[in-house]
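Asks: Below is the file start21.cif, with mmCIF, C-alpha atoms.
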```cif
data_structure
#
loop_
_atom_site.label_atom_id
_atom_site.label_comp_id
_atom_site.auth_asym_id
_atom_site.auth_seq_id
_atom_site.Cartn_x
_atom_site.Cartn_y
_atom_site.Cartn_z
CA MET A 13 -45.69 -97.33 -71.61
CA LYS A 14 -43.44 -95.03 -69.61
CA ARG A 15 -40.66 -96.82 -67.84
CA LYS A 16 -41.14 -96.58 -64.08
CA ARG A 17 -38.12 -96.06 -61.86
CA THR A 18 -37.43 -98.98 -59.56
CA ARG A 19 -34.54 -100.21 -57.50
CA LEU A 20 -33.93 -102.87 -60.12
CA LEU A 21 -33.55 -100.29 -62.86
CA VAL A 22 -31.13 -98.42 -60.64
CA MET A 23 -29.16 -101.62 -60.16
CA LEU A 24 -29.17 -102.39 -63.87
CA CYS A 25 -27.69 -98.96 -64.52
CA PHE A 26 -25.20 -99.57 -61.70
CA LEU A 27 -23.99 -102.77 -63.38
CA LEU A 28 -24.02 -101.27 -66.86
CA CYS A 29 -21.81 -98.36 -65.87
CA ALA A 30 -19.33 -100.87 -64.50
CA VAL A 31 -19.37 -102.78 -67.80
CA LEU A 32 -18.73 -99.53 -69.64
CA ALA A 33 -15.78 -98.89 -67.41
CA ILE A 34 -14.13 -102.29 -67.89
CA SER A 35 -14.81 -102.62 -71.60
CA GLY A 36 -14.43 -99.41 -73.57
CA CYS A 37 -15.33 -101.32 -76.73
CA HIS A 38 -15.69 -99.33 -79.90
CA GLY A 39 -16.75 -99.73 -83.47
CA PRO A 40 -20.00 -100.95 -85.00
CA SER A 41 -21.16 -104.52 -85.29
CA GLN A 42 -18.15 -105.81 -87.19
CA PRO A 43 -16.00 -108.86 -86.42
CA GLN A 44 -13.24 -107.93 -84.02
CA GLY A 45 -11.11 -110.96 -84.83
CA SER A 46 -9.22 -112.83 -82.17
CA PRO A 47 -8.13 -110.65 -79.27
CA PRO A 48 -4.43 -110.42 -78.46
CA PRO A 49 -2.81 -113.34 -76.67
CA ALA A 50 -4.05 -113.70 -73.13
CA ASP A 51 -1.89 -112.07 -70.52
CA PRO A 52 -1.31 -113.80 -67.16
CA VAL A 53 -4.44 -112.23 -65.64
CA VAL A 54 -6.66 -113.91 -68.21
CA GLU A 55 -4.79 -117.18 -67.98
CA ASP A 56 -5.33 -117.22 -64.23
CA LEU A 57 -9.09 -116.70 -64.48
CA GLU A 58 -11.31 -119.59 -63.50
CA THR A 59 -13.37 -120.96 -66.36
CA PRO A 60 -16.80 -121.45 -64.77
CA TYR A 61 -18.33 -122.58 -68.05
CA LEU A 62 -16.64 -125.96 -67.57
CA PRO A 63 -19.11 -127.70 -65.20
CA GLU A 64 -16.73 -130.52 -64.32
CA ASP A 65 -14.25 -128.06 -62.81
CA LEU A 66 -16.56 -126.30 -60.36
CA PRO A 67 -19.14 -127.11 -57.69
CA PRO A 68 -22.70 -127.63 -58.96
CA SER A 69 -24.35 -124.50 -60.30
CA PRO A 70 -27.65 -123.42 -58.74
CA ALA A 71 -30.64 -124.66 -60.71
CA HIS A 72 -31.73 -122.07 -63.20
CA THR A 73 -33.72 -121.58 -66.39
CA ASP A 74 -32.03 -119.62 -69.16
CA PHE A 75 -33.54 -116.74 -71.08
CA LEU A 76 -32.96 -117.83 -74.68
CA TRP A 77 -34.82 -116.95 -77.88
CA GLU A 78 -34.44 -117.97 -81.52
CA VAL A 79 -34.96 -115.41 -84.28
CA ILE A 80 -36.78 -116.73 -87.34
CA GLY A 81 -36.32 -114.93 -90.68
CA GLY A 82 -33.54 -113.81 -92.97
CA GLN A 83 -30.71 -115.96 -94.28
CA GLY A 84 -28.83 -116.45 -91.03
CA ARG A 85 -29.42 -118.26 -87.77
CA VAL A 86 -29.47 -116.20 -84.58
CA TYR A 87 -30.08 -117.01 -80.92
CA LEU A 88 -30.55 -114.33 -78.26
CA MET A 89 -29.55 -114.85 -74.63
CA GLY A 90 -30.53 -112.51 -71.82
CA THR A 91 -27.59 -112.31 -69.42
CA MET A 92 -26.49 -110.82 -66.12
CA HIS A 93 -23.18 -108.97 -66.02
CA ALA A 94 -22.28 -110.20 -62.53
CA VAL A 95 -23.16 -113.68 -61.22
CA LYS A 96 -22.24 -115.76 -58.19
CA ARG A 97 -19.06 -117.77 -58.31
CA ASP A 98 -20.83 -121.14 -58.52
CA TYR A 99 -22.78 -120.19 -61.67
CA VAL A 100 -22.04 -122.23 -64.80
CA LEU A 101 -23.50 -122.18 -68.28
CA THR A 102 -25.86 -125.09 -68.84
CA PRO A 103 -25.05 -127.90 -71.31
CA ALA A 104 -28.05 -126.87 -73.43
CA ILE A 105 -26.68 -123.35 -73.83
CA LEU A 106 -23.20 -124.67 -74.60
CA ASP A 107 -24.54 -127.05 -77.26
CA ILE A 108 -26.27 -124.21 -79.10
CA PHE A 109 -23.37 -121.82 -78.59
CA ASP A 110 -20.88 -124.30 -80.06
CA GLU A 111 -23.02 -124.67 -83.19
CA MET A 112 -22.63 -120.97 -84.01
CA ASP A 113 -19.87 -119.33 -86.05
CA ALA A 114 -19.69 -116.16 -83.97
CA VAL A 115 -20.77 -114.53 -80.74
CA ALA A 116 -22.09 -110.96 -80.54
CA LEU A 117 -21.82 -109.10 -77.24
CA GLU A 118 -22.41 -105.63 -75.88
CA ALA A 119 -18.65 -105.40 -75.52
CA ASN A 120 -15.64 -107.59 -76.27
CA LEU A 121 -14.30 -107.75 -72.73
CA LEU A 122 -11.03 -109.34 -73.89
CA ASP A 123 -10.18 -106.55 -76.34
CA PHE A 124 -7.61 -104.83 -74.17
CA ALA A 125 -6.72 -102.19 -76.76
CA ALA A 126 -10.37 -101.09 -76.80
CA LEU A 127 -10.41 -101.06 -73.01
CA LEU A 128 -7.47 -98.66 -72.96
CA ASP A 129 -9.15 -96.51 -75.59
CA GLY A 130 -12.20 -96.23 -73.36
CA PHE A 131 -10.13 -94.68 -70.59
CA ASN A 132 -10.01 -91.45 -72.62
CA TYR A 133 -13.77 -91.10 -72.10
CA MET A 134 -13.88 -92.19 -68.47
CA TYR A 135 -11.43 -89.71 -66.95
CA TYR A 136 -11.27 -85.95 -66.68
CA PRO A 137 -8.32 -84.14 -68.26
CA GLU A 138 -5.39 -83.32 -66.02
CA GLY A 139 -6.19 -80.70 -63.42
CA VAL A 140 -9.95 -81.44 -63.30
CA THR A 141 -11.66 -83.61 -60.68
CA VAL A 142 -15.17 -84.89 -60.18
CA LEU A 143 -15.60 -82.61 -57.17
CA ASP A 144 -15.25 -79.62 -59.50
CA ASN A 145 -18.42 -80.71 -61.29
CA LEU A 146 -20.71 -81.68 -58.40
CA SER A 147 -23.09 -79.66 -56.28
CA GLU A 148 -22.70 -79.60 -52.53
CA ARG A 149 -25.27 -82.38 -52.23
CA GLY A 150 -23.48 -84.44 -54.90
CA GLN A 151 -20.18 -84.02 -53.09
CA THR A 152 -21.83 -85.13 -49.83
CA HIS A 153 -23.21 -88.26 -51.47
CA LEU A 154 -19.86 -89.16 -53.01
CA VAL A 155 -17.89 -88.59 -49.81
CA ASN A 156 -20.38 -90.61 -47.75
CA MET A 157 -20.36 -93.49 -50.24
CA ILE A 158 -16.56 -93.52 -50.41
CA GLU A 159 -16.54 -94.04 -46.64
CA ALA A 160 -19.36 -96.63 -46.76
CA TYR A 161 -17.60 -98.70 -49.44
CA GLY A 162 -14.18 -98.42 -47.80
CA LEU A 163 -12.56 -96.58 -50.70
CA ASP A 164 -10.14 -93.69 -50.81
CA MET A 165 -10.90 -90.37 -52.51
CA ALA A 166 -7.71 -90.68 -54.57
CA GLN A 167 -9.13 -93.81 -56.22
CA VAL A 168 -12.08 -91.96 -57.76
CA MET A 169 -11.10 -88.29 -57.91
CA THR A 170 -10.42 -88.13 -61.66
CA LEU A 171 -13.27 -90.39 -62.86
CA ARG A 172 -16.25 -88.81 -64.61
CA PRO A 173 -19.62 -89.25 -62.84
CA PHE A 174 -20.98 -92.01 -65.12
CA SER A 175 -17.86 -94.17 -64.70
CA LEU A 176 -17.43 -93.71 -60.94
CA SER A 177 -19.46 -96.81 -60.13
CA SER A 178 -16.75 -99.08 -61.58
CA SER A 179 -14.65 -98.54 -58.46
CA PHE A 180 -17.62 -98.91 -56.12
CA ILE A 181 -19.03 -102.09 -57.63
CA GLY A 182 -15.56 -103.63 -57.60
CA ALA A 183 -15.34 -102.98 -53.87
CA LEU A 184 -18.89 -104.30 -53.42
CA LEU A 185 -18.30 -107.57 -55.25
CA ASP A 186 -15.18 -108.22 -53.18
CA LYS A 187 -17.47 -108.45 -50.13
CA THR A 188 -20.01 -110.84 -51.70
CA ASP A 189 -20.23 -114.18 -53.51
CA PHE A 190 -20.60 -112.32 -56.82
CA THR A 191 -17.92 -112.03 -59.47
CA PHE A 192 -17.38 -109.82 -62.49
CA ILE A 193 -16.91 -112.97 -64.54
CA GLY A 194 -20.56 -112.73 -65.53
CA VAL A 195 -22.42 -114.58 -68.26
CA ASP A 196 -21.10 -112.25 -70.95
CA MET A 197 -17.49 -112.84 -69.89
CA LEU A 198 -18.02 -116.60 -69.78
CA LEU A 199 -19.28 -116.55 -73.37
CA ASN A 200 -16.54 -114.13 -74.38
CA MET A 201 -13.86 -116.45 -72.97
CA ARG A 202 -15.36 -119.54 -74.56
CA ALA A 203 -15.55 -117.84 -77.97
CA TRP A 204 -11.93 -116.75 -77.69
CA GLU A 205 -10.75 -120.23 -76.71
CA ARG A 206 -12.72 -121.77 -79.59
CA ASP A 207 -11.36 -119.16 -82.04
CA MET A 208 -14.87 -117.94 -82.89
CA SER A 209 -15.45 -114.51 -84.41
CA ILE A 210 -16.40 -111.95 -81.77
CA TYR A 211 -18.74 -109.14 -82.83
CA VAL A 212 -19.83 -106.11 -80.84
CA LEU A 213 -23.46 -105.05 -81.01
CA GLU A 214 -23.02 -101.32 -80.61
CA ASN A 215 -20.57 -98.45 -80.76
CA PHE A 216 -19.49 -97.71 -77.22
CA ARG A 217 -17.86 -94.46 -78.23
CA ASP A 218 -21.36 -93.18 -78.96
CA ILE A 219 -22.49 -94.23 -75.48
CA TYR A 220 -19.57 -92.40 -73.87
CA SER A 221 -20.31 -89.34 -75.98
CA ASN A 222 -24.01 -89.39 -75.10
CA MET A 223 -23.20 -89.71 -71.41
CA ASN A 224 -20.72 -86.85 -71.51
CA ASN A 225 -23.28 -84.66 -73.29
CA LEU A 226 -25.86 -84.98 -70.53
CA THR A 227 -26.50 -81.92 -68.37
CA TYR A 228 -24.44 -81.53 -65.20
CA GLU A 229 -27.63 -82.07 -63.18
CA THR A 230 -28.33 -85.40 -64.91
CA LYS A 231 -24.71 -86.53 -64.70
CA GLU A 232 -24.80 -85.97 -60.97
CA ARG A 233 -28.07 -87.84 -60.60
CA VAL A 234 -26.62 -90.71 -62.64
CA MET A 235 -23.73 -90.83 -60.20
CA VAL A 236 -26.09 -90.92 -57.22
CA LEU A 237 -28.30 -93.60 -58.78
CA THR A 238 -25.38 -95.81 -59.78
CA ILE A 239 -23.74 -95.61 -56.35
CA PRO A 240 -26.45 -96.60 -53.86
CA PRO A 241 -25.60 -97.41 -50.22
CA PRO A 242 -23.79 -100.78 -50.17
CA GLU A 243 -26.46 -102.62 -48.19
CA GLN A 244 -29.10 -101.51 -50.71
CA ALA A 245 -26.86 -102.43 -53.66
CA ILE A 246 -26.28 -105.92 -52.25
CA GLU A 247 -30.01 -106.44 -51.60
CA ASP A 248 -30.88 -105.34 -55.14
CA LEU A 249 -28.14 -107.48 -56.64
CA GLU A 250 -29.38 -110.55 -54.74
CA ASN A 251 -32.97 -109.89 -55.84
CA MET A 252 -31.94 -109.40 -59.44
CA TYR A 253 -29.86 -112.58 -59.44
CA GLU A 254 -32.74 -114.60 -58.03
CA MET A 255 -34.97 -113.20 -60.79
CA PHE A 256 -32.35 -114.06 -63.38
CA LEU A 257 -32.11 -117.68 -62.20
CA SER A 258 -35.91 -118.06 -62.17
CA GLY A 259 -36.31 -117.89 -65.93
CA ASP A 260 -39.73 -116.30 -65.30
CA LEU A 261 -40.04 -113.48 -67.83
CA GLU A 262 -43.36 -112.19 -66.48
CA ARG A 263 -41.89 -111.95 -63.01
CA VAL A 264 -38.86 -110.09 -64.33
CA TYR A 265 -41.11 -107.72 -66.27
CA GLU A 266 -43.20 -106.99 -63.18
CA PHE A 267 -40.13 -106.44 -61.06
CA LEU A 268 -38.58 -104.15 -63.65
CA PHE A 269 -41.63 -102.03 -64.39
CA ALA A 270 -43.56 -102.00 -61.11
CA GLU A 271 -43.70 -98.77 -59.17
CA SER A 272 -41.37 -98.78 -56.18
CA ALA A 273 -43.13 -98.06 -52.91
CA GLU A 274 -39.97 -96.74 -51.28
CA PRO A 275 -38.12 -93.60 -52.39
CA PHE A 276 -34.50 -93.84 -53.48
CA LEU A 277 -32.31 -92.09 -50.92
CA GLY A 278 -29.10 -90.23 -51.58
CA GLY A 279 -25.98 -90.40 -49.44
CA ASP A 280 -27.38 -87.55 -47.34
CA GLY A 281 -30.42 -89.66 -46.44
CA LEU A 282 -32.84 -87.48 -48.41
CA PRO A 283 -35.06 -88.77 -51.27
CA ILE A 284 -33.89 -88.38 -54.86
CA GLU A 285 -36.51 -86.67 -57.00
CA PHE A 286 -36.57 -87.89 -60.60
CA THR A 287 -36.92 -85.25 -63.31
CA ASP A 288 -37.76 -85.20 -67.01
CA ALA A 289 -34.05 -84.87 -67.72
CA ASP A 290 -33.56 -88.41 -66.41
CA GLU A 291 -35.72 -89.69 -69.27
CA ARG A 292 -32.87 -88.85 -71.63
CA TYR A 293 -30.46 -90.94 -69.60
CA GLU A 294 -32.85 -93.89 -69.50
CA TYR A 295 -33.45 -93.53 -73.24
CA TYR A 296 -29.73 -93.72 -74.01
CA MET A 297 -29.17 -96.64 -71.65
CA LEU A 298 -32.01 -98.84 -72.91
CA GLU A 299 -34.28 -97.88 -75.83
CA HIS A 300 -31.64 -96.14 -77.94
CA ARG A 301 -29.15 -98.95 -77.44
CA ASP A 302 -31.79 -101.67 -78.00
CA ARG A 303 -32.64 -100.21 -81.40
CA ILE A 304 -28.96 -100.14 -82.38
CA MET A 305 -28.40 -103.73 -81.20
CA ALA A 306 -31.52 -104.91 -83.05
CA ASN A 307 -30.17 -103.35 -86.24
CA SER A 308 -26.88 -105.21 -85.74
CA ILE A 309 -28.78 -108.48 -85.30
CA ILE A 310 -30.76 -107.82 -88.46
CA SER A 311 -27.50 -107.35 -90.35
CA TYR A 312 -26.35 -110.79 -89.16
CA LEU A 313 -29.62 -112.38 -90.27
CA GLU A 314 -29.64 -110.76 -93.69
CA SER A 315 -25.99 -111.57 -94.41
CA GLY A 316 -26.44 -115.28 -93.61
CA LYS A 317 -24.38 -115.32 -90.40
CA ASN A 318 -24.92 -117.86 -87.60
CA VAL A 319 -24.52 -115.82 -84.43
CA PHE A 320 -25.10 -116.33 -80.72
CA VAL A 321 -26.14 -112.93 -79.33
CA ALA A 322 -25.83 -112.14 -75.62
CA ALA A 323 -26.87 -108.93 -73.87
CA GLY A 324 -28.16 -107.90 -70.46
CA LEU A 325 -31.62 -109.30 -69.73
CA ALA A 326 -33.18 -105.83 -69.45
CA HIS A 327 -32.56 -105.34 -73.18
CA PHE A 328 -35.08 -108.11 -73.98
CA VAL A 329 -37.89 -106.92 -71.68
CA GLY A 330 -40.53 -104.27 -72.30
CA GLU A 331 -42.13 -102.38 -75.15
CA ASN A 332 -38.98 -100.93 -76.69
CA SER A 333 -36.67 -103.91 -76.29
CA ILE A 334 -34.48 -105.72 -78.80
CA ILE A 335 -37.26 -108.28 -79.27
CA HIS A 336 -39.79 -105.53 -79.94
CA PHE A 337 -37.64 -103.94 -82.65
CA LEU A 338 -36.93 -107.31 -84.30
CA GLU A 339 -40.63 -108.16 -84.37
CA GLU A 340 -41.41 -104.69 -85.66
CA ALA A 341 -39.01 -105.38 -88.53
CA GLY A 342 -40.92 -108.56 -89.43
CA TYR A 343 -38.88 -111.25 -87.68
CA GLN A 344 -40.37 -113.91 -85.43
CA VAL A 345 -38.77 -114.27 -82.00
CA ILE A 346 -39.53 -117.50 -80.11
CA ARG A 347 -38.54 -118.43 -76.56
CA VAL A 348 -36.52 -121.66 -76.67
CA ASP A 349 -37.62 -124.51 -74.39
CA LEU A 350 -34.19 -125.84 -73.45
CA GLU A 351 -35.52 -128.76 -71.40
CA GLN A 352 -37.54 -129.99 -74.34
CA ARG A 353 -34.57 -129.49 -76.65
CA MET A 354 -32.28 -131.55 -74.41
CA ALA A 355 -34.89 -134.31 -74.09
CA ALA A 356 -35.33 -134.61 -77.87
#
```
How does the structure come out when it is put into structure tokens?
Replies:
Amino acid sequence: MKRKRTRLLVMLCFLLCAVLAISGCHGPSQPQGSPPPADPVVEDLETPYLPEDLPPSPAHTDFLWEVIGGQGRVYLMGTMHAVKRDYVLTPAILDIFDEMDAVALEANLLDFAALLDGFNYMYYPEGVTVLDNLSERGQTHLVNMIEAYGLDMAQVMTLRPFSLSSSFIGALLDKTDFTFIGVDMLLNMRAWERDMSIYVLENFRDIYSNMNNLTYETKERVMVLTIPPPEQAIEDLENMYEMFLSGDLERVYEFLFAESAEPFLGGDGLPIEFTDADERYEYYMLEHRDRIMANSIISYLESGKNVFVAAGLAHFVGENSIIHFLEEAGYQVIRVDLEQRMAA
């Protein structure tokens, strides 16, 4: 089934590009060891995974699966990279998480050395700016969005198109109840505090390389898609969060794959026409990465590791998802009934 472009997919890409920008993780699915000692910024972060320290979290049903097969024990959790500030991990999730020996994430967000390494891929070399690589329409979109988000051109001038959204989503979240301390970061922090091994599911250098190898036309369209008008971005983020809390996989699937009735508009107010070249971008962002992450999970299972795997929810939905590739390889993937588990 061909993936249909929707506002949700645009928003997923918007969030993913921001994760790429703040992580810069590298290396295959190998243990990263404990990250360096926390600096004051990390020490000052709230720890929303401690329910007793925060207001009640909104009621929600988690997306959790158990993988049956191999010598190891693996759970899969579909996450959201940005959640509202009152979100906490449920006791059922924490119980399972604490039974595991390691956590595997799309990126180790506390590996600051890797973050710095990623900057080499995010920025243009000295003397080159993003405006040098955009069409007149692309420049118009960027300038209009800079004004709409309340940013300054100097803040984004040297960023490559695929990493531009990091600055925009940061400005967006500052105006909402959402925080970048998403589900992945909560699990990352808990693993670090419990001295658990932290694995990464994929090689982010490959993702940066693939993004930089896209055509100029596709790079520009990626920039436009990942920087929607702020009111549209907020609406999509709210809708996606409500879907995430629902725990309804069929509803998420429909929302993700249904044809959008409204065209996506650029900063100049004109519709954005999708081309075949965009298929390559979507392939790299989802199917290609899902296959790589599934292979990492298989390596955990076959080597006898007990691992809690967490990745964005979109990676577990659809024909070419992580779950699809695991099942294709002969593993059984079962949705976990957390309410029943807690009642037992």
Asks: Which residue is closest to Tyr87 in chain A? Choose from A:Arg263, A:Lys317, A:Lys231, A:Arg172 and count all atoms listed in the file.
Replies: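 Checking each of A:Arg263, A:Lys317, A:Lys231, A:Arg172 against Tyr87 in chain A, counting all atoms listed in the file, the winner is A:Lys317.
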Asks: Could you state the separation of CA of Val195 in chain A and CA of Leu101 in chain A in Å, given to one decimal place?
Replies: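 Spanning CA of Val195 in chain A to CA of Leu101 in chain A is a straight-line distance of 7.7 Å.
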Asks: For the file shown, report as a PyMOL selection string the outcome of the PyMOL selection byres ((chain A and resi 77) around 9) at residue level.
Replies: chain A and resi 75-76+78-79+86-90+345-349
Asks: Take CA of Val168 in chain A and CA of Thr141 in chain A and report the distance between them in Å, one decimal.
Replies: 8.9 Å
Asks: Once the PyMOL selection byres ((chain A and resi 335) around 10) is applied to the coordinates I shared, what remains selected? I want it as a list in words.
Replies: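 On this input, the PyMOL selection byres ((chain A and resi 335) around 10) captures Trp77, Val79, Leu88, Asp302, Arg303, Ala306, His327, Phe328, Val329, Gly330, Glu331, Asn332, Ser333, Ile334, His336, Phe337, Leu338, Glu339, Glu340, Ala341, Tyr343, Gln344, Val345 and Ile346 of chain A.
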Asks: Padding of 3 Å on every side, edges along x, y and z, all listed atoms of range 321-333 of chain A included: what centre and edge lengths in Å, to one decimal, does that box have, as AutoDock Vina command-line options?
Replies:
```
--center_x -34.0 --center_y -106.9 --center_z -74.4 --size_x 22.3 --size_y 18.0 --size_z 15.9
```
Asks: Check which residues satisfy the PyMOL selection byres ((chain A and resi 264) around 12) in the file shown, then give them as an mmCIF file with C-alpha atoms, keeping the file's coordinate frame.
Replies:
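This went into out.cif:
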```
data_model
loop_
_atom_site.group_PDB
_atom_site.id
_atom_site.type_symbol
_atom_site.label_atom_id
_atom_site.label_comp_id
_atom_site.auth_asym_id
_atom_site.auth_seq_id
_atom_site.Cartn_x
_atom_site.Cartn_y
_atom_site.Cartn_z
ATOM 1 C CA LEU A 20 -33.930 -102.870 -60.120
ATOM 2 C CA LEU A 21 -33.550 -100.290 -62.860
ATOM 3 C CA PHE A 75 -33.540 -116.740 -71.080
ATOM 4 C CA GLY A 90 -30.530 -112.510 -71.820
ATOM 5 C CA ASN A 251 -32.970 -109.890 -55.840
ATOM 6 C CA MET A 252 -31.940 -109.400 -59.440
ATOM 7 C CA TYR A 253 -29.860 -112.580 -59.440
ATOM 8 C CA GLU A 254 -32.740 -114.600 -58.030
ATOM 9 C CA MET A 255 -34.970 -113.200 -60.790
ATOM 10 C CA PHE A 256 -32.350 -114.060 -63.380
ATOM 11 C CA LEU A 257 -32.110 -117.680 -62.200
ATOM 12 C CA SER A 258 -35.910 -118.060 -62.170
ATOM 13 C CA GLY A 259 -36.310 -117.890 -65.930
ATOM 14 C CA ASP A 260 -39.730 -116.300 -65.300
ATOM 15 C CA LEU A 261 -40.040 -113.480 -67.830
ATOM 16 C CA GLU A 262 -43.360 -112.190 -66.480
ATOM 17 C CA ARG A 263 -41.890 -111.950 -63.010
ATOM 18 C CA TYR A 265 -41.110 -107.720 -66.270
ATOM 19 C CA GLU A 266 -43.200 -106.990 -63.180
ATOM 20 C CA PHE A 267 -40.130 -106.440 -61.060
ATOM 21 C CA LEU A 268 -38.580 -104.150 -63.650
ATOM 22 C CA PHE A 269 -41.630 -102.030 -64.390
ATOM 23 C CA ALA A 270 -43.560 -102.000 -61.110
ATOM 24 C CA LEU A 325 -31.620 -109.300 -69.730
ATOM 25 C CA ALA A 326 -33.180 -105.830 -69.450
ATOM 26 C CA HIS A 327 -32.560 -105.340 -73.180
ATOM 27 C CA PHE A 328 -35.080 -108.110 -73.980
ATOM 28 C CA VAL A 329 -37.890 -106.920 -71.680
ATOM 29 C CA GLY A 330 -40.530 -104.270 -72.300
#
```
